[in-house]
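Below is query23.txt, holding compact mmCIF, C-alpha atoms.
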```txt
# COMPACT_ATOMS: atom_id res chain seq x y z
CA VAL A 1 5.60 26.33 32.98
CA GLN A 2 7.21 24.77 29.90
CA ARG A 3 9.88 23.13 32.07
CA ASP A 4 7.19 21.54 34.24
CA ARG A 5 5.45 20.27 31.13
CA ASN A 6 8.72 18.76 29.88
CA ALA A 7 9.21 16.88 33.15
CA ARG A 8 5.61 15.64 33.05
CA GLY A 9 6.04 14.54 29.44
CA ILE A 10 9.17 12.57 30.34
CA TRP A 11 7.44 10.58 33.07
CA LEU A 12 4.44 9.95 30.83
CA MET A 13 6.80 8.64 28.14
CA VAL A 14 8.46 6.24 30.60
CA ALA A 15 5.04 4.97 31.72
CA ALA A 16 4.00 4.52 28.08
CA MET A 17 7.11 2.47 27.35
CA ALA A 18 6.45 0.26 30.38
CA CYS A 19 2.94 -0.45 29.09
CA PHE A 20 4.15 -1.10 25.53
CA ILE A 21 6.85 -3.55 26.66
CA THR A 22 4.48 -5.40 28.99
CA ASN A 23 2.02 -5.68 26.12
CA ASP A 24 4.77 -6.98 23.83
CA ALA A 25 5.85 -9.60 26.37
CA ILE A 26 2.32 -10.97 26.62
CA ILE A 27 1.82 -10.89 22.84
CA LYS A 28 5.07 -12.81 22.40
CA GLN A 29 3.64 -15.58 24.53
CA VAL A 30 0.27 -15.63 22.75
CA SER A 31 1.77 -15.43 19.24
CA GLU A 32 2.44 -19.17 19.31
CA THR A 33 -1.30 -19.83 19.00
CA LEU A 34 -2.55 -17.15 16.55
CA PRO A 35 -1.39 -15.36 13.37
CA ALA A 36 0.07 -11.88 13.92
CA ALA A 37 -2.63 -9.96 12.01
CA GLN A 38 -5.41 -11.73 13.90
CA LEU A 39 -3.65 -10.98 17.19
CA ILE A 40 -3.52 -7.30 16.30
CA PHE A 41 -7.16 -7.34 15.19
CA ILE A 42 -8.55 -9.02 18.33
CA ARG A 43 -6.41 -6.88 20.60
CA GLY A 44 -7.43 -3.77 18.67
CA VAL A 45 -11.14 -4.52 19.01
CA MET A 46 -10.76 -4.99 22.75
CA ALA A 47 -8.62 -1.85 23.12
CA SER A 48 -11.09 0.24 21.10
CA VAL A 49 -14.01 -0.93 23.24
CA LEU A 50 -11.99 -0.18 26.37
CA VAL A 51 -11.18 3.35 25.20
CA LEU A 52 -14.86 4.00 24.50
CA ALA A 53 -15.79 2.66 27.93
CA VAL A 54 -13.23 4.91 29.64
CA ALA A 55 -14.44 7.89 27.61
CA ARG A 56 -18.03 7.25 28.69
CA ALA A 57 -17.05 6.68 32.34
CA THR A 58 -15.05 9.92 32.45
CA SER A 59 -17.59 11.88 30.37
CA VAL A 60 -14.98 12.65 27.72
CA PRO A 61 -16.74 13.13 24.37
CA ILE A 62 -15.41 11.40 21.25
CA ARG A 63 -17.07 13.25 18.40
CA PRO A 64 -16.96 12.10 14.76
CA ARG A 65 -15.84 15.55 13.61
CA GLU A 66 -12.77 15.27 15.88
CA LEU A 67 -11.92 11.86 14.44
CA ARG A 68 -12.22 13.33 10.93
CA HIS A 69 -9.89 16.23 11.71
CA PRO A 70 -7.04 16.10 9.14
CA TRP A 71 -4.28 15.92 11.75
CA VAL A 72 -6.11 13.31 13.87
CA ALA A 73 -6.96 11.09 10.87
CA GLY A 74 -3.54 11.63 9.32
CA ARG A 75 -1.78 10.72 12.56
CA ALA A 76 -3.85 7.54 12.90
CA CYS A 77 -3.06 6.45 9.33
CA VAL A 78 0.67 7.15 9.72
CA ASP A 79 0.70 5.21 13.00
CA ALA A 80 -1.10 2.25 11.42
CA LEU A 81 1.31 2.13 8.46
CA ALA A 82 4.30 2.45 10.79
CA THR A 83 3.01 -0.41 12.95
CA PHE A 84 2.60 -2.80 10.05
CA GLY A 85 5.82 -1.68 8.36
CA TYR A 86 7.74 -2.41 11.52
CA LEU A 87 6.08 -5.80 12.00
CA ILE A 88 6.77 -6.88 8.40
CA SER A 89 10.41 -5.89 8.73
CA LEU A 90 10.61 -7.65 12.10
CA PHE A 91 9.49 -10.90 10.47
CA HIS A 92 12.50 -10.74 8.12
CA LEU A 93 15.18 -9.16 10.33
CA PRO A 94 17.01 -10.26 13.47
CA ILE A 95 15.13 -8.66 16.34
CA ALA A 96 18.31 -6.86 17.44
CA ASN A 97 18.59 -5.09 14.10
CA ALA A 98 14.93 -4.10 14.01
CA THR A 99 15.06 -2.84 17.59
CA ALA A 100 18.19 -0.79 16.93
CA ILE A 101 16.67 0.82 13.85
CA ASN A 102 13.39 1.56 15.66
CA MET A 103 15.27 3.25 18.49
CA ALA A 104 16.45 5.87 15.98
CA ALA A 105 13.03 7.54 16.27
CA PRO A 106 14.23 10.14 18.83
CA LEU A 107 16.98 11.19 16.42
CA PHE A 108 14.41 11.73 13.66
CA ILE A 109 12.14 13.61 16.08
CA ALA A 110 14.92 15.86 17.37
CA ALA A 111 16.00 16.68 13.81
CA LEU A 112 12.46 17.22 12.45
CA ALA A 113 11.32 19.23 15.49
CA VAL A 114 13.63 22.04 14.41
CA PRO A 115 12.02 22.81 11.00
CA MET A 116 8.49 21.58 11.84
CA LEU A 117 7.99 22.94 15.37
CA GLY A 118 10.67 25.60 15.61
CA GLU A 119 12.25 24.01 18.69
CA ARG A 120 15.87 24.66 19.61
CA VAL A 121 18.13 21.65 20.13
CA ASP A 122 21.41 22.64 21.70
CA ALA A 123 24.72 20.80 21.45
CA ARG A 124 24.44 19.14 24.85
CA ARG A 125 21.03 17.67 24.05
CA TRP A 126 22.30 16.38 20.70
CA MET A 127 25.25 14.81 22.52
CA ALA A 128 22.95 13.13 25.06
CA ILE A 129 20.75 11.75 22.28
CA GLY A 130 23.82 10.44 20.44
CA VAL A 131 25.23 8.80 23.57
CA GLY A 132 21.86 7.20 24.27
CA PHE A 133 21.67 5.79 20.76
CA ALA A 134 25.23 4.45 21.09
CA GLY A 135 24.07 2.69 24.26
CA VAL A 136 21.14 1.19 22.36
CA LEU A 137 23.50 -0.23 19.74
CA LEU A 138 25.67 -1.81 22.43
CA ILE A 139 22.62 -3.40 24.06
CA VAL A 140 21.07 -4.90 20.94
CA GLN A 141 24.42 -5.49 19.17
CA PRO A 142 23.05 -5.54 15.60
CA ARG A 143 24.88 -7.63 13.01
CA ALA A 144 25.86 -6.08 9.69
CA GLU A 145 24.51 -9.01 7.66
CA GLY A 146 21.00 -8.24 8.89
CA PHE A 147 20.75 -4.91 7.08
CA ASN A 148 18.91 -5.44 3.78
CA VAL A 149 15.78 -4.19 2.03
CA TYR A 150 13.70 -4.96 5.12
CA ALA A 151 16.05 -2.79 7.16
CA LEU A 152 15.11 0.09 4.86
CA LEU A 153 11.42 -0.73 5.44
CA CYS A 154 12.05 -0.68 9.20
CA LEU A 155 13.85 2.64 8.87
CA GLY A 156 10.85 4.01 6.96
CA ALA A 157 8.51 2.78 9.71
CA THR A 158 10.72 4.48 12.31
CA PHE A 159 10.59 7.70 10.33
CA MET A 160 6.78 7.44 10.26
CA HIS A 161 6.74 6.95 14.03
CA ALA A 162 8.61 10.24 14.31
CA LEU A 163 6.14 11.93 11.96
CA ARG A 164 3.29 10.52 14.06
CA ASP A 165 4.60 12.16 17.20
CA LEU A 166 5.21 15.44 15.43
CA ALA A 167 1.69 15.31 13.97
CA THR A 168 0.35 14.95 17.52
CA ARG A 169 1.63 18.43 18.29
CA ARG A 170 -0.40 19.86 15.39
CA ILE A 171 -3.69 18.55 16.75
CA PRO A 172 -5.77 21.26 18.51
CA ARG A 173 -5.48 21.07 22.28
CA THR A 174 -9.27 21.12 22.50
CA THR A 175 -9.27 17.59 21.01
CA PRO A 176 -9.32 15.06 23.89
CA SER A 177 -6.38 12.68 24.06
CA LEU A 178 -8.87 9.80 24.29
CA ALA A 179 -10.26 10.79 20.89
CA ILE A 180 -6.77 10.64 19.38
CA THR A 181 -6.19 7.31 21.11
CA PHE A 182 -9.45 5.90 19.75
CA ALA A 183 -8.67 7.10 16.20
CA THR A 184 -5.32 5.30 16.27
CA SER A 185 -6.74 2.12 17.80
CA ILE A 186 -9.64 1.82 15.37
CA THR A 187 -7.44 2.50 12.32
CA VAL A 188 -4.93 -0.20 13.27
CA THR A 189 -7.83 -2.57 14.00
CA VAL A 190 -9.47 -2.02 10.61
CA ILE A 191 -6.24 -2.63 8.71
CA ALA A 192 -5.50 -5.76 10.78
CA GLY A 193 -9.06 -6.95 10.11
CA VAL A 194 -8.59 -6.63 6.35
CA VAL A 195 -5.33 -8.59 6.51
CA THR A 196 -7.02 -11.24 8.68
CA LEU A 197 -9.81 -11.66 6.11
CA LEU A 198 -7.19 -12.25 3.41
CA GLN A 199 -5.21 -14.72 5.55
CA GLY A 200 -8.17 -16.61 7.03
CA TRP A 201 -9.55 -16.84 10.57
CA VAL A 202 -8.14 -19.19 13.22
CA ASP A 203 -10.33 -20.03 16.22
CA PRO A 204 -8.49 -18.60 19.24
CA PRO A 205 -8.15 -20.69 22.42
CA PRO A 206 -10.01 -19.23 25.45
CA ALA A 207 -6.72 -18.70 27.31
CA SER A 208 -5.38 -16.64 24.41
CA LEU A 209 -8.48 -14.45 24.45
CA ALA A 210 -7.99 -13.83 28.16
CA TRP A 211 -4.37 -12.80 27.62
CA LEU A 212 -5.38 -10.57 24.71
CA ALA A 213 -7.96 -8.87 26.90
CA LEU A 214 -5.16 -8.05 29.33
CA THR A 215 -2.93 -6.75 26.54
CA SER A 216 -5.73 -4.46 25.38
CA VAL A 217 -5.58 -2.73 28.77
CA PHE A 218 -1.84 -2.16 28.47
CA LEU A 219 -2.10 -1.14 24.81
CA ALA A 220 -4.91 1.37 25.37
CA SER A 221 -3.00 2.79 28.35
CA ALA A 222 0.20 3.05 26.29
CA TYR A 223 -1.59 4.79 23.42
CA HIS A 224 -3.12 7.33 25.79
CA LEU A 225 0.11 7.92 27.72
CA ILE A 226 2.21 8.47 24.61
CA VAL A 227 -0.33 10.93 23.20
CA ALA A 228 -0.37 12.83 26.51
CA SER A 229 3.43 12.72 26.62
CA THR A 230 4.01 14.13 23.15
CA ARG A 231 1.50 16.92 23.85
CA SER A 232 3.17 17.94 27.11
CA GLY A 233 6.50 19.55 26.25
CA ASP A 234 9.44 19.77 23.86
CA LEU A 235 9.66 16.56 21.82
CA SER A 236 13.43 16.86 21.59
CA ALA A 237 13.59 16.63 25.41
CA ILE A 238 10.93 13.92 25.83
CA ALA A 239 11.77 11.64 22.87
CA PRO A 240 15.06 10.21 24.24
CA PHE A 241 13.15 8.59 27.09
CA ARG A 242 11.77 6.10 24.60
CA TYR A 243 15.05 4.32 25.38
CA SER A 244 13.57 3.38 28.76
CA GLY A 245 11.60 0.72 26.90
CA LEU A 246 14.81 -1.23 26.45
CA LEU A 247 15.38 -1.26 30.19
CA PHE A 248 11.90 -2.67 30.79
CA ALA A 249 12.54 -5.24 28.06
CA LEU A 250 15.78 -6.31 29.74
CA VAL A 251 14.03 -6.81 33.09
CA LEU A 252 11.14 -8.80 31.59
CA GLY A 253 13.54 -10.81 29.40
CA TRP A 254 15.48 -11.87 32.49
CA ALA A 255 12.39 -12.52 34.63
CA ILE A 256 10.42 -14.50 32.02
CA TRP A 257 12.97 -16.08 29.66
CA GLY A 258 16.15 -15.96 31.74
CA ASP A 259 17.99 -13.69 29.28
CA VAL A 260 21.05 -12.06 30.86
CA PRO A 261 22.91 -9.19 29.09
CA ASP A 262 26.58 -9.68 28.28
CA PHE A 263 29.39 -7.22 29.09
CA MET A 264 28.83 -5.01 26.04
CA ALA A 265 25.12 -4.83 26.77
CA TRP A 266 25.78 -3.70 30.34
CA CYS A 267 28.09 -0.98 28.95
CA GLY A 268 25.25 0.08 26.69
CA ILE A 269 22.86 0.18 29.64
CA ALA A 270 25.30 2.46 31.47
CA LEU A 271 25.46 4.84 28.50
CA LEU A 272 21.69 4.75 28.11
CA LEU A 273 21.04 5.51 31.76
CA GLY A 274 23.72 8.20 31.79
CA ALA A 275 22.22 10.01 28.82
CA GLY A 276 18.69 9.77 30.20
CA LEU A 277 19.67 10.91 33.68
CA ASP A 278 21.66 13.80 32.22
CA LEU A 279 18.61 15.02 30.30
CA LEU A 280 16.35 14.60 33.32
CA ALA A 281 18.83 16.38 35.65
CA ARG A 282 19.08 19.23 33.19
CA GLU A 283 15.30 19.60 33.06
CA ARG A 284 15.16 19.63 36.86
CA ALA A 285 17.92 22.24 37.02
CA ARG A 286 16.02 24.44 34.59
CA ARG A 287 12.86 24.04 36.70
CA ALA A 288 14.81 25.07 39.82
```
Could you write out this structure as structure tokens?
Amino acid sequence: VQRDRNARGIWLMVAAMACFITNDAIIKQVSETLPAAQLIFIRGVMASVLVLAVARATSVPIRPRELRHPWVAGRACVDALATFGYLISLFHLPIANATAINMAAPLFIAALAVPMLGERVDARRWMAIGVGFAGVLLIVQPRAEGFNVYALLCLGATFMHALRDLATRRIPRTTPSLAITFATSITVTVIAGVVTLLQGWVDPPPASLAWLALTSVFLASAYHLIVASTRSGDLSAIAPFRYSGLLFALVLGWAIWGDVPDFMAWCGIALLLGAGLDLLARERARRA
């Protein structure tokens, strides 16, 4: 049963990454017309309303006492801080450096899952995670001069992302995933709203609002999928499939902006795919 849950968690993680990257691609286009905090706020309002609508349509209750649960509220706050920490660091770092640091989350998760969840991480799984991370570095090719105080902030945000996923496993299984999704969405929205008030409001063009409405669908879906994924199986098995987000980013980068990876990046892709396929094949073998 646990092996089936691991396989399900892996596919949910891949779907979550596809939604996150699609959302990011749209936001990148809209960011030319609106400040970042206001983008996050408007998108968050739309995503929160969408989650509530889905909850009502599917008769899934979102009760205030569930939102106030220490692990639910704590997870939402950690996720909100991680989101803004990553964005602040991204504003001051080359995107390759920030992406490489953020992709270290599975390493944090695999290491923390041992003392916090009592999971076993064998040598082969550690090796696959390490090879996958080496592939990430080859793809993004970070430059040494980019690592500064903001790199430490980005590393802290990545660590908080790992804590967020571990906190998800502490939430009672009777708590609906939609409730956890809504708690995260509304917390990020409130913080973005406060920052927007301090920065000042910019009237958004109608086209931007339409695009943001679309991103809210992808964002709400990604939130829900990643919650469902991290509640499905062993985090140390599921977490490496966050790397699939880079593959989606490569495809969208080529299709929209004409970006083509160089030789080292293709080598990184090969390592990344090899590590991911090895983990997936191992899970299938265990199921068999």
Practice task
Name the residues, using the chain letters and numbers of the file, that sit within 9 Å of (10.8, 5.4, 16.1) when counting all atoms listed in the file, and give them as a PyMOL selection string.
Solution key: chain A and resi 82+101-109+155+157-162+242
Practice task
To one decimal in Å, tell me the separation between atom CA of A:Pro64 and atom CA of A:Leu163.
Solution key: 23.3 Å
Exercise for the section: May I have the residues within 9 Å of A:Leu273 as number ranges by chain, using all atoms listed in the file and disregarding those fewer than 5 positions away in the same chain? Expected result: A: 132, 135, 243-244, 247, 268, 278
Practice task
Work out how far atom CA of A:Lys28 is from atom CA of A:Trp257, in Å to one decimal.
Solution key: 11.2 Å
Handout entry: Long-range neighbours of A:Ala222 as an NGL selection string, 10 Å cut-off, all atoms listed in the file, 6 positions minimum in chain
Key = :A and (12-23 or 181 or 216 or 228)
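Taking atom CA of A:Val45 and atom CA of A:Ala80 as the two end points, the separation is 14.3 Å.
Taking all atoms listed in the file into account, A:Ile180 lies nearest to A:Pro61 out of the set A:Gly118, A:Gly258, A:Pro61, A:Gly44.
Counting all atoms listed in the file, the residue from A:Pro172, A:Pro204, A:Pro240, A:Gly274 that sits nearest to A:Leu34 is A:Pro204.
With all atoms listed in the file taken into account, the protein and nucleic acid residues at most 8 Å from A:Ala237 (excluding it and anything under 2 positions from it in its own chain) are Asn6, Ile10, Arg125, Gly233, Asp234, Leu235, Ala239, Pro240 and Leu279 of chain A.
With only C-alpha atoms as the atoms that count, the residue of A:Ser48, A:Ser236, A:Ser185, A:Gln141 with the shortest distance to A:Trp126 is A:Ser236.
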Handout entry: Given all atoms listed in the file as the counted atoms, nearest of A:Cys267, A:Ala7, A:Ile88, A:Ala275 to A:Val140
Key = A:Cys267
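Compared by their closest atoms to A:His92, and using all atoms listed in the file, the residues A:Ala281, A:Arg170, A:Val149, A:Val217 rank with A:Val149 nearest.
Shortest atom-to-atom contact with A:Ile26 among A:Ala76, A:Ile129, A:Ala249, A:Val51: A:Ala249, counting only C-alpha atoms.
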Handout entry: Neighbour list for stretch 29-33 of chain A as a list in words, cut-off 10 Å, only C-alpha atoms, skip fewer than 4 positions in-chain
Key = Asp24, Ala25, Gln38, Leu39, Val202, Asp203, Pro204, Pro205, Ala207, Ser208, Leu209, Trp211 and Leu212 of chain A
